[in-house]
>>> print(open('input-v5.cif').read())   # mmCIF, C-alpha atoms
data_model
#
loop_
_atom_site.label_atom_id
_atom_site.label_comp_id
_atom_site.auth_asym_id
_atom_site.auth_seq_id
_atom_site.Cartn_x
_atom_site.Cartn_y
_atom_site.Cartn_z
CA VAL A 12 31.12 -23.72 7.18
CA SER A 13 29.34 -24.38 4.05
CA MET A 14 25.80 -23.31 4.53
CA ARG A 15 23.05 -24.91 2.58
CA THR A 16 22.07 -21.78 0.87
CA ALA A 17 21.57 -18.19 1.02
CA ALA A 18 19.55 -15.05 0.91
CA SER A 19 19.58 -11.88 2.66
CA PRO A 20 18.09 -8.49 2.73
CA VAL A 21 21.05 -6.45 3.78
CA ALA A 22 23.42 -6.30 0.89
CA SER A 23 25.44 -3.51 2.36
CA CYS A 24 25.92 -5.03 5.76
CA GLY A 25 29.46 -6.02 4.98
CA VAL A 26 30.64 -2.48 5.11
CA LEU A 27 28.84 -1.37 8.20
CA ARG A 28 31.09 0.00 10.84
CA MET A 29 30.26 0.04 14.46
CA SER A 30 29.82 3.58 15.61
CA ASP A 31 30.81 4.65 19.06
CA GLU A 32 27.19 5.15 19.85
CA ARG A 33 26.37 1.58 19.03
CA LEU A 34 29.37 0.39 20.90
CA GLY A 35 28.28 2.26 23.98
CA SER A 36 24.71 1.13 23.91
CA SER A 37 25.62 -2.46 23.24
CA LEU A 38 27.44 -2.50 26.54
CA THR A 39 24.16 -2.55 28.32
CA ARG A 40 22.09 -4.56 25.91
CA ALA A 41 21.30 -8.18 26.22
CA MET A 42 23.67 -10.10 24.05
CA THR A 43 22.69 -12.36 21.23
CA ILE A 44 24.98 -14.94 19.70
CA LEU A 45 24.51 -16.00 16.09
CA ILE A 46 25.54 -19.55 15.27
CA CYS A 47 25.74 -20.59 11.63
CA TYR A 48 24.60 -24.14 11.29
CA ASP A 49 24.50 -26.57 8.40
CA GLY A 50 24.06 -29.81 10.28
CA SER A 51 27.65 -30.92 9.81
CA ARG A 52 29.84 -32.30 12.57
CA ASP A 53 31.92 -29.16 12.36
CA ALA A 54 28.85 -27.06 12.99
CA ASP A 55 27.94 -29.30 15.92
CA ALA A 56 31.38 -28.67 17.40
CA ALA A 57 30.83 -24.94 17.02
CA ILE A 58 27.56 -25.15 18.92
CA ASP A 59 29.14 -27.13 21.72
CA LEU A 60 31.94 -24.63 22.18
CA ALA A 61 29.51 -21.73 22.03
CA GLY A 62 27.62 -23.43 24.82
CA GLU A 63 30.74 -23.38 26.97
CA LEU A 64 31.65 -19.80 26.22
CA PHE A 65 28.25 -18.21 26.11
CA ALA A 66 26.22 -20.30 28.52
CA GLY A 67 22.68 -19.09 28.99
CA LYS A 68 22.88 -16.50 26.23
CA SER A 69 20.18 -15.75 23.77
CA THR A 70 21.22 -17.48 20.56
CA VAL A 71 20.00 -17.62 17.00
CA VAL A 72 20.82 -20.79 15.10
CA LEU A 73 20.84 -19.92 11.42
CA THR A 74 20.62 -22.28 8.48
CA VAL A 75 20.86 -20.75 5.04
CA TRP A 76 19.12 -22.32 2.08
CA ASP A 77 19.45 -21.93 -1.66
CA GLY A 78 16.57 -20.89 -3.84
CA LEU A 79 16.31 -23.08 -6.91
CA LEU A 80 16.45 -20.10 -9.21
CA GLU A 81 19.79 -19.06 -7.77
CA VAL A 82 21.10 -22.59 -7.97
CA LEU A 83 20.18 -22.84 -11.62
CA THR A 84 21.57 -19.41 -12.33
CA ARG A 85 24.87 -20.35 -10.85
CA ALA A 86 24.86 -23.68 -12.62
CA GLY A 87 24.10 -22.10 -15.96
CA SER A 88 20.63 -23.65 -15.98
CA GLY A 89 21.50 -26.44 -18.36
CA PHE A 90 18.57 -28.61 -17.52
CA GLY A 91 14.93 -28.53 -18.27
CA VAL A 92 13.89 -25.60 -16.22
CA ALA A 93 10.35 -25.58 -17.48
CA ALA A 94 9.71 -28.95 -15.94
CA LEU A 95 10.68 -27.83 -12.46
CA ASP A 96 8.20 -26.61 -9.93
CA PHE A 97 10.14 -23.79 -8.33
CA GLU A 98 7.71 -23.10 -5.57
CA GLN A 99 7.49 -26.67 -4.52
CA ILE A 100 11.22 -27.20 -4.55
CA ASP A 101 11.92 -23.97 -2.71
CA ALA A 102 9.33 -24.85 -0.14
CA ALA A 103 11.03 -28.19 0.37
CA SER A 104 14.41 -26.47 0.68
CA GLU A 105 13.08 -24.04 3.20
CA GLN A 106 11.44 -26.81 5.14
CA ALA A 107 14.70 -28.75 5.22
CA ALA A 108 16.55 -25.66 6.38
CA ASN A 109 14.00 -25.08 9.11
CA GLU A 110 14.42 -28.63 10.31
CA CYS A 111 18.18 -28.31 10.21
CA ALA A 112 18.10 -25.08 12.19
CA GLN A 113 15.71 -26.65 14.66
CA ALA A 114 18.05 -29.59 15.16
CA GLY A 115 20.85 -27.09 15.77
CA ALA A 116 18.69 -25.21 18.25
CA ASP A 117 17.95 -28.45 20.09
CA ARG A 118 21.64 -29.14 20.35
CA ALA A 119 22.28 -25.57 21.44
CA ARG A 120 19.73 -25.91 24.20
CA GLU A 121 21.44 -29.05 25.41
CA ALA A 122 24.71 -27.14 25.31
CA GLY A 123 23.27 -24.57 27.70
CA LEU A 124 22.26 -21.81 25.33
CA ASP A 125 18.90 -20.13 24.93
CA PRO A 126 18.36 -20.70 21.23
CA GLN A 127 15.86 -20.01 18.53
CA ALA A 128 16.01 -21.50 15.05
CA ARG A 129 16.05 -19.43 11.91
CA ALA A 130 16.26 -20.27 8.23
CA ALA A 131 17.19 -17.70 5.62
CA ARG A 132 17.26 -17.82 1.87
CA ARG A 133 20.44 -16.83 0.16
CA ASP A 134 20.40 -14.52 -2.77
CA ALA A 135 23.86 -13.23 -3.42
CA THR A 136 26.41 -14.82 -1.16
CA ILE A 137 26.24 -16.74 2.05
CA TRP A 138 28.36 -14.31 3.96
CA GLU A 139 25.95 -11.51 3.15
CA THR A 140 23.12 -13.60 4.45
CA ILE A 141 24.99 -14.34 7.63
CA LEU A 142 25.98 -10.73 8.20
CA GLY A 143 22.48 -9.59 7.37
CA CYS A 144 21.10 -11.89 10.02
CA ALA A 145 23.78 -10.77 12.48
CA TYR A 146 22.70 -7.20 11.85
CA ASP A 147 19.03 -8.07 12.28
CA VAL A 148 19.52 -9.68 15.65
CA ASP A 149 22.36 -7.33 16.60
CA ALA A 150 24.59 -10.26 17.33
CA ALA A 151 27.52 -9.61 19.64
CA ALA A 152 29.36 -12.49 18.05
CA ILE A 153 29.04 -14.79 15.08
CA VAL A 154 30.02 -18.41 15.57
CA LEU A 155 31.15 -20.52 12.63
CA GLY A 156 32.60 -23.93 12.20
CA SER A 157 35.48 -24.18 9.80
CA ARG A 158 36.31 -26.88 7.33
CA GLY A 159 39.72 -25.41 6.84
CA LEU A 160 39.55 -25.08 3.11
CA THR A 161 42.18 -22.83 1.70
CA GLY A 162 43.51 -21.77 -1.65
CA VAL A 163 41.93 -23.24 -4.72
CA LYS A 164 39.62 -25.49 -2.81
CA SER A 165 38.20 -22.60 -0.88
CA MET A 166 37.59 -20.69 -4.07
CA LEU A 167 35.70 -23.58 -5.53
CA LEU A 168 33.80 -24.67 -2.48
CA GLY A 169 33.46 -21.34 -0.80
CA SER A 170 35.23 -20.58 2.42
CA VAL A 171 32.36 -18.99 4.24
CA SER A 172 34.29 -18.41 7.41
CA HIS A 173 36.96 -16.52 5.52
CA ALA A 174 34.44 -14.30 3.80
CA VAL A 175 32.59 -13.59 7.01
CA LEU A 176 35.84 -12.69 8.72
CA GLN A 177 36.77 -10.34 5.92
CA HIS A 178 33.51 -8.49 6.09
CA ALA A 179 32.25 -8.76 9.64
CA ASP A 180 31.96 -5.70 11.83
CA ARG A 181 31.60 -7.75 14.96
CA ALA A 182 33.37 -10.53 16.78
CA VAL A 183 33.63 -13.83 14.94
CA LEU A 184 34.43 -17.10 16.64
CA VAL A 185 35.85 -19.66 14.24
CA VAL A 186 35.79 -23.21 15.51
CA PRO A 187 37.88 -25.74 13.63
CA GLY A 188 36.16 -29.05 13.11
CA SER A 189 37.90 -32.02 14.64
CA ASP A 190 39.31 -33.21 11.32
CA VAL A 191 40.72 -29.77 10.68
CA ALA A 192 42.19 -29.56 14.16
CA ILE A 193 43.92 -32.91 13.81
CA GLU A 194 45.27 -32.09 10.40
CA ARG A 195 46.57 -28.72 11.51
CA ALA A 196 48.14 -30.13 14.63
CA GLY A 197 50.02 -32.53 12.41
CA ARG A 198 51.02 -29.93 9.87
CA GLN A 199 52.31 -27.62 12.53
CA GLY A 200 54.73 -30.35 13.48
CA ARG A 201 53.56 -29.40 16.86
CA ARG A 202 55.83 -30.12 19.72
CA GLU A 203 54.20 -32.53 22.07
CA ALA A 204 53.06 -30.91 25.24
CA ALA A 205 56.09 -30.14 27.31
CA PRO A 206 56.91 -32.93 29.73
CA VAL B 20 38.58 -24.33 32.34
CA LYS B 21 41.77 -24.42 30.43
CA PRO B 22 43.77 -21.29 29.90
CA SER B 23 43.18 -18.95 27.04
CA ALA B 24 45.73 -17.08 25.07
CA VAL B 25 45.08 -13.57 23.96
CA GLY B 26 47.18 -12.72 20.97
CA ASN B 27 47.90 -9.19 20.04
CA ASP B 28 49.22 -8.41 16.67
CA GLY B 29 52.81 -7.58 17.01
CA ARG B 30 53.21 -4.64 14.68
CA GLN B 31 54.94 -3.20 17.51
CA THR B 32 55.37 0.21 18.74
CA ASN B 33 53.14 2.76 17.22
CA GLU B 34 50.26 4.64 18.61
CA ARG B 35 47.77 3.17 16.22
CA CYS B 36 48.49 -0.36 17.27
CA HIS B 37 48.11 0.67 20.82
CA HIS B 38 44.77 2.12 20.02
CA VAL B 39 43.61 -0.99 18.23
CA ARG B 40 44.76 -3.18 21.02
CA THR B 41 42.91 -1.18 23.57
CA TYR B 42 39.88 -1.33 21.39
CA LEU B 43 40.14 -5.08 21.30
CA LEU B 44 39.95 -5.13 25.03
CA ARG B 45 37.06 -2.72 25.04
CA ARG B 46 35.23 -5.03 22.74
CA LEU B 47 36.07 -7.95 24.94
CA GLY B 48 34.73 -5.91 27.77
CA GLU B 49 31.55 -5.55 25.85
CA LEU B 50 31.22 -9.29 25.77
CA GLU B 51 32.36 -9.58 29.29
CA ALA B 52 29.83 -7.04 30.44
CA SER B 53 27.16 -9.54 29.69
CA ARG B 54 29.32 -12.10 31.41
CA ALA B 55 29.43 -14.23 28.34
CA MET B 56 33.15 -14.24 28.16
CA ALA B 57 33.71 -14.24 31.87
CA ALA B 58 33.82 -17.99 32.11
CA ALA B 59 36.26 -18.35 29.29
CA VAL B 60 38.30 -15.23 29.55
CA GLY B 61 37.85 -13.90 33.02
CA ASN B 62 38.92 -16.88 35.03
CA GLY B 63 42.47 -15.79 35.74
CA ASP B 64 43.93 -18.29 33.31
CA THR B 65 44.22 -15.77 30.56
CA THR B 66 47.46 -14.83 28.92
CA LEU B 67 47.74 -11.39 27.39
CA LEU B 68 50.35 -11.87 24.71
CA HIS B 69 52.16 -9.26 22.71
CA VAL B 70 54.42 -10.47 19.93
CA TRP B 71 57.15 -8.12 18.87
CA SER B 72 59.99 -8.13 16.43
CA PRO B 73 63.07 -6.00 16.38
CA PRO B 74 63.04 -3.11 13.93
CA ALA B 75 64.29 -4.86 10.84
CA GLU B 76 66.12 -2.00 9.25
CA GLN B 77 68.01 -1.13 12.34
CA LEU B 78 68.83 -4.75 12.77
CA ALA B 79 70.22 -5.07 9.27
CA ASP B 80 72.13 -1.88 9.67
CA SER B 81 73.64 -3.05 12.88
CA PHE B 82 75.21 -6.02 11.19
CA SER B 83 77.25 -3.76 8.98
CA THR B 84 79.02 -1.97 11.76
CA ARG B 85 81.82 -2.92 14.03
CA ASP B 86 79.66 -2.33 17.04
CA ALA B 87 77.12 -4.78 15.74
CA ASP B 88 76.72 -6.72 18.93
CA THR B 89 76.39 -3.64 21.04
CA ARG B 90 73.88 -2.04 18.75
CA LEU B 91 71.97 -5.24 18.29
CA SER B 92 71.50 -5.69 21.95
CA ALA B 93 70.58 -2.05 22.33
CA ASP B 94 67.94 -2.47 19.63
CA LEU B 95 66.57 -5.57 21.21
CA GLU B 96 66.44 -3.87 24.54
CA LEU B 97 64.59 -0.97 23.01
CA ALA B 98 62.14 -3.32 21.34
CA ARG B 99 61.55 -5.12 24.62
CA THR B 100 60.97 -1.85 26.39
CA ARG B 101 58.47 -0.80 23.78
CA ALA B 102 56.74 -4.14 24.02
CA ARG B 103 56.29 -3.62 27.72
CA GLU B 104 54.97 -0.14 27.13
CA ILE B 105 52.40 -1.62 24.80
CA ILE B 106 51.30 -4.45 26.95
CA GLU B 107 51.01 -2.69 30.27
CA PRO B 108 48.02 -0.54 29.36
CA GLY B 109 46.37 -3.71 28.08
CA VAL B 110 46.83 -5.33 31.45
CA GLU B 111 45.26 -2.30 33.09
CA VAL B 112 42.29 -2.39 30.78
CA ALA B 113 41.82 -6.08 31.42
CA ARG B 114 42.05 -5.52 35.14
CA GLY B 115 39.44 -2.81 34.88
CA LEU B 116 37.15 -5.36 33.28
CA GLY B 117 37.79 -7.83 36.03
CA ILE B 118 39.92 -10.06 33.87
CA GLY B 119 43.08 -11.17 35.57
CA VAL B 120 45.72 -11.72 32.94
CA ASP B 121 49.18 -13.11 32.84
CA ALA B 122 50.95 -10.65 30.60
CA ARG B 123 53.87 -11.64 28.46
CA ASP B 124 55.72 -10.54 25.43
CA GLU B 125 57.32 -12.85 22.98
CA ARG B 126 59.79 -12.13 20.25
CA SER B 127 58.39 -13.07 16.88
CA GLY B 128 59.78 -16.13 15.18
CA ASP B 129 59.08 -16.90 11.53
CA SER B 130 55.85 -15.03 11.66
CA ILE B 131 53.69 -13.39 14.24
CA TRP B 132 50.82 -15.78 13.79
CA GLN B 133 53.14 -18.74 14.15
CA THR B 134 54.46 -17.31 17.37
CA ILE B 135 50.94 -16.87 18.66
CA LEU B 136 50.13 -20.48 17.81
CA ASP B 137 53.32 -21.66 19.49
CA VAL B 138 52.42 -19.89 22.69
CA ALA B 139 48.88 -21.23 22.48
CA ASP B 140 50.33 -24.73 22.13
CA ARG B 141 52.66 -24.27 25.03
CA GLU B 142 49.85 -23.10 27.24
CA ASP B 143 47.35 -25.52 25.78
CA ALA B 144 44.97 -22.62 25.26
CA SER B 145 41.32 -23.46 24.84
CA LEU B 146 40.70 -20.23 22.97
CA ILE B 147 42.75 -17.67 21.11
CA VAL B 148 41.53 -14.09 20.88
CA VAL B 149 42.97 -11.76 18.27
CA GLY B 150 42.11 -8.31 17.07
CA THR B 151 42.24 -7.09 13.52
CA HIS B 152 43.47 -3.85 12.13
CA GLY B 153 40.95 -1.43 10.87
CA THR B 154 40.80 -1.61 7.14
CA THR B 155 41.85 1.06 4.79
CA ALA B 156 41.67 0.81 1.04
CA VAL B 157 45.37 0.12 0.87
CA GLN B 158 45.36 -2.42 3.63
CA ASP B 159 42.37 -4.27 2.34
CA ALA B 160 44.37 -6.81 0.38
CA ALA B 161 46.38 -7.76 3.41
CA LEU B 162 43.58 -7.30 5.88
CA GLY B 163 44.36 -8.81 9.19
CA SER B 164 47.26 -10.86 7.99
CA VAL B 165 48.03 -11.86 11.54
CA SER B 166 44.49 -12.81 12.39
CA ASP B 167 44.17 -14.55 9.03
CA GLY B 168 47.25 -16.57 9.71
CA VAL B 169 46.00 -17.54 13.13
CA VAL B 170 42.54 -18.47 11.92
CA HIS B 171 43.78 -20.50 8.98
CA HIS B 172 46.39 -22.45 10.87
CA SER B 173 45.00 -22.84 14.34
CA GLU B 174 43.73 -26.13 15.58
CA ARG B 175 42.05 -24.20 18.39
CA PRO B 176 39.00 -21.98 18.33
CA VAL B 177 39.81 -18.38 17.47
CA LEU B 178 37.75 -15.35 18.39
CA VAL B 179 38.47 -12.52 15.98
CA VAL B 180 37.48 -9.10 17.22
CA PRO B 181 37.42 -6.37 14.61
CA ALA B 182 38.88 -2.98 15.26
CA GLY B 183 35.52 -1.54 14.33
CA ASP B 184 35.67 2.05 13.27
CA ALA B 185 39.03 2.68 14.81
CA GLU B 186 40.72 5.28 12.65
CA VAL B 187 39.27 3.92 9.46
#
>>> encode(input="input-v5.cif", output="structure tokens")
Amino acid sequence: VSMRTAASPVASCGVLRMSDERLGSSLTRAMTILICYDGSRDADAAIDLAGELFAGKSTVVLTVWDGLLEVLTRAGSGFGVAALDFEQIDAASEQAANECAQAGADRAREAGLDPQARAARRDATIWETILGCAYDVDAAAIVLGSRGLTGVKSMLLGSVSHAVLQHADRAVLVVPGSDVAIERAGRQGRREAAP
Amino acid sequence: VKPSAVGNDGRQTNERCHHVRTYLLRRLGELEASRAMAAAVGNGDTTLLHVWSPPAEQLADSFSTRDADTRLSADLELARTRAREIIEPGVEVARGLGIGVDARDERSGDSIWQTILDVADREDASLIVVGTHGTTAVQDAALGSVSDGVVHHSERPVLVVPAGDAEV
């Protein structure tokens, strides 16, 4: 999943470990599912599967957005920064993220979940934002679509699912998008289903 | 609902793996407790899979002796026995959670993750569930190589359940 952008308050969330106490208490708590959503078809597929697995569950549909300052910082700010209205552009980004998350929540509701939409601004990395949100809502599981980027491509484009998996202290459901699934089925030289 | 495959990492026989595996099921139970996973996992079409491989050193050693065949088969038998010892408590835990599982062990082929994917293919699993090892500083680089392999090569959804604070 490549989220639109990022920001999150809990920088240290990646190293949190579930204590036995938390484990015990979470047995009796209502469960929340966190779905990361960027409006892509892959993310749609993730919502649909989550609907099957977690029907009726409280769900947060998260869209992450990039602050302009962070975008420019990462890009080396080569263009005329002074001419840009940061507040206006950020507001537009946030608005777009809200709409995206809302569209995801609508889909989630149709899929049988009990969703609420949430947009979050990224500051460091997307995975930190995702894990920060998971911590906030005490998600029992994080659901991500996967574009299946590996190796060099994933370094350039950011394999969010990989990073989340590496750092998550809770269950993560990775849902391959249909293109990924088809490609992998081919690459596996998969035997056709036994006759 | 189509069947699900539950893949255990196959680093076979030690106590730690056993612990992690049990923890995986506890965590599943956590999900199951809220009945979220019940539809997918608790429908009786779940396979509890343990992938094992024969102890490599013993295997290599056995080829250098005259009794190679005898020792090889003894090693394999031992590995199978250990695999059963690992998987049976898992079945009990699953049963305790109300999840009926079809337990099986499979000898690893090229890699453990590949074997898991092969079984998932054979059973046309709708979901694969794998645990991860707890991380230590040393293991960090190779963190969850089995779960990584599964996630990066699977055409099916994969639920990765961390070992949490198990023995970290």
>>> closest_residue(input="input-v5.cif", among="A:Glu194, A:Ala103, A:Val71, A:Leu184", to="chain B", atoms="all atoms listed in the file")
A:Leu184
>>> resolve_selection(input="input-v5.cif", expression="the PyMOL selection byres ((chain A and resi 43-53) around 8)", output="number ranges by chain")
A: 12-15, 41-42, 54-58, 65, 68-75, 111-112, 114-115, 141, 145, 148-158, 186-189
>>> write_last_selection(input="input-v5.cif", atoms="C-alpha atoms", output="PDB file, keeping the file's coordinate frame")
ATOM      1  CA  VAL A  12      31.120 -23.720   7.180  1.00  0.00           C
ATOM      2  CA  SER A  13      29.340 -24.380   4.050  1.00  0.00           C
ATOM      3  CA  MET A  14      25.800 -23.310   4.530  1.00  0.00           C
ATOM      4  CA  ARG A  15      23.050 -24.910   2.580  1.00  0.00           C
ATOM      5  CA  ALA A  41      21.300  -8.180  26.220  1.00  0.00           C
ATOM      6  CA  MET A  42      23.670 -10.100  24.050  1.00  0.00           C
ATOM      7  CA  ALA A  54      28.850 -27.060  12.990  1.00  0.00           C
ATOM      8  CA  ASP A  55      27.940 -29.300  15.920  1.00  0.00           C
ATOM      9  CA  ALA A  56      31.380 -28.670  17.400  1.00  0.00           C
ATOM     10  CA  ALA A  57      30.830 -24.940  17.020  1.00  0.00           C
ATOM     11  CA  ILE A  58      27.560 -25.150  18.920  1.00  0.00           C
ATOM     12  CA  PHE A  65      28.250 -18.210  26.110  1.00  0.00           C
ATOM     13  CA  LYS A  68      22.880 -16.500  26.230  1.00  0.00           C
ATOM     14  CA  SER A  69      20.180 -15.750  23.770  1.00  0.00           C
ATOM     15  CA  THR A  70      21.220 -17.480  20.560  1.00  0.00           C
ATOM     16  CA  VAL A  71      20.000 -17.620  17.000  1.00  0.00           C
ATOM     17  CA  VAL A  72      20.820 -20.790  15.100  1.00  0.00           C
ATOM     18  CA  LEU A  73      20.840 -19.920  11.420  1.00  0.00           C
ATOM     19  CA  THR A  74      20.620 -22.280   8.480  1.00  0.00           C
ATOM     20  CA  VAL A  75      20.860 -20.750   5.040  1.00  0.00           C
ATOM     21  CA  CYS A 111      18.180 -28.310  10.210  1.00  0.00           C
ATOM     22  CA  ALA A 112      18.100 -25.080  12.190  1.00  0.00           C
ATOM     23  CA  ALA A 114      18.050 -29.590  15.160  1.00  0.00           C
ATOM     24  CA  GLY A 115      20.850 -27.090  15.770  1.00  0.00           C
ATOM     25  CA  ILE A 141      24.990 -14.340   7.630  1.00  0.00           C
ATOM     26  CA  ALA A 145      23.780 -10.770  12.480  1.00  0.00           C
ATOM     27  CA  VAL A 148      19.520  -9.680  15.650  1.00  0.00           C
ATOM     28  CA  ASP A 149      22.360  -7.330  16.600  1.00  0.00           C
ATOM     29  CA  ALA A 150      24.590 -10.260  17.330  1.00  0.00           C
ATOM     30  CA  ALA A 151      27.520  -9.610  19.640  1.00  0.00           C
ATOM     31  CA  ALA A 152      29.360 -12.490  18.050  1.00  0.00           C
ATOM     32  CA  ILE A 153      29.040 -14.790  15.080  1.00  0.00           C
ATOM     33  CA  VAL A 154      30.020 -18.410  15.570  1.00  0.00           C
ATOM     34  CA  LEU A 155      31.150 -20.520  12.630  1.00  0.00           C
ATOM     35  CA  GLY A 156      32.600 -23.930  12.200  1.00  0.00           C
ATOM     36  CA  SER A 157      35.480 -24.180   9.800  1.00  0.00           C
ATOM     37  CA  ARG A 158      36.310 -26.880   7.330  1.00  0.00           C
ATOM     38  CA  VAL A 186      35.790 -23.210  15.510  1.00  0.00           C
ATOM     39  CA  PRO A 187      37.880 -25.740  13.630  1.00  0.00           C
ATOM     40  CA  GLY A 188      36.160 -29.050  13.110  1.00  0.00           C
ATOM     41  CA  SER A 189      37.900 -32.020  14.640  1.00  0.00           C
TER      42      SER A 189
END
>>> closest_residue(input="input-v5.cif", among="A:Asp190, A:Asp180, A:Asp147, A:Asp117", to="chain B", atoms="all atoms listed in the file")
A:Asp180
>>> residues_around(input="input-v5.cif", residues="Ile131 of chain B", least_positions_apart="3", cutoff="9 Å", atoms="all atoms listed in the file", output="PyMOL selection string")
chain B and resi 28-30+70-72+126-128+134-136+165+168-169
>>> closest_residue(input="input-v5.cif", among="B:Asp64, B:Arg103, B:Asp137, B:Ala144", to="chain A", atoms="only C-alpha atoms")
B:Asp137
>>> atom_distance(input="input-v5.cif", atom1="atom CA of Ile147 of chain B", atom2="atom CA of Val112 of chain B")
18.1 Å
>>> atom_distance(input="input-v5.cif", atom1="atom CA of Glu63 of chain A", atom2="atom CA of Ser170 of chain A")
25.1 Å
>>> residues_near_point(input="input-v5.cif", point="(14.5, -24.8, 10.7)", cutoff="6 Å", atoms="all atoms listed in the file", output="ChimeraX atom specification")
/A:108-113,128-130
>>> atom_distance(input="input-v5.cif", atom1="atom CA of Pro126 of chain A", atom2="atom CA of Glu81 of chain A")
29.1 Å
>>> resolve_selection(input="input-v5.cif", expression="the PyMOL selection byres ((chain A and resi 138) around 7)", output="JSON, numbers by chain")
{"A": [136, 137, 139, 140, 141, 142, 171, 174, 175]}
>>> axis_aligned_box(input="input-v5.cif", around="segment 132-139 of chain B", padding_each_side="3 Å", output="JSON")
{"center_x": 51.7, "center_y": -18.7, "center_z": 18.2, "size_x": 11.6, "size_y": 11.9, "size_z": 14.9}
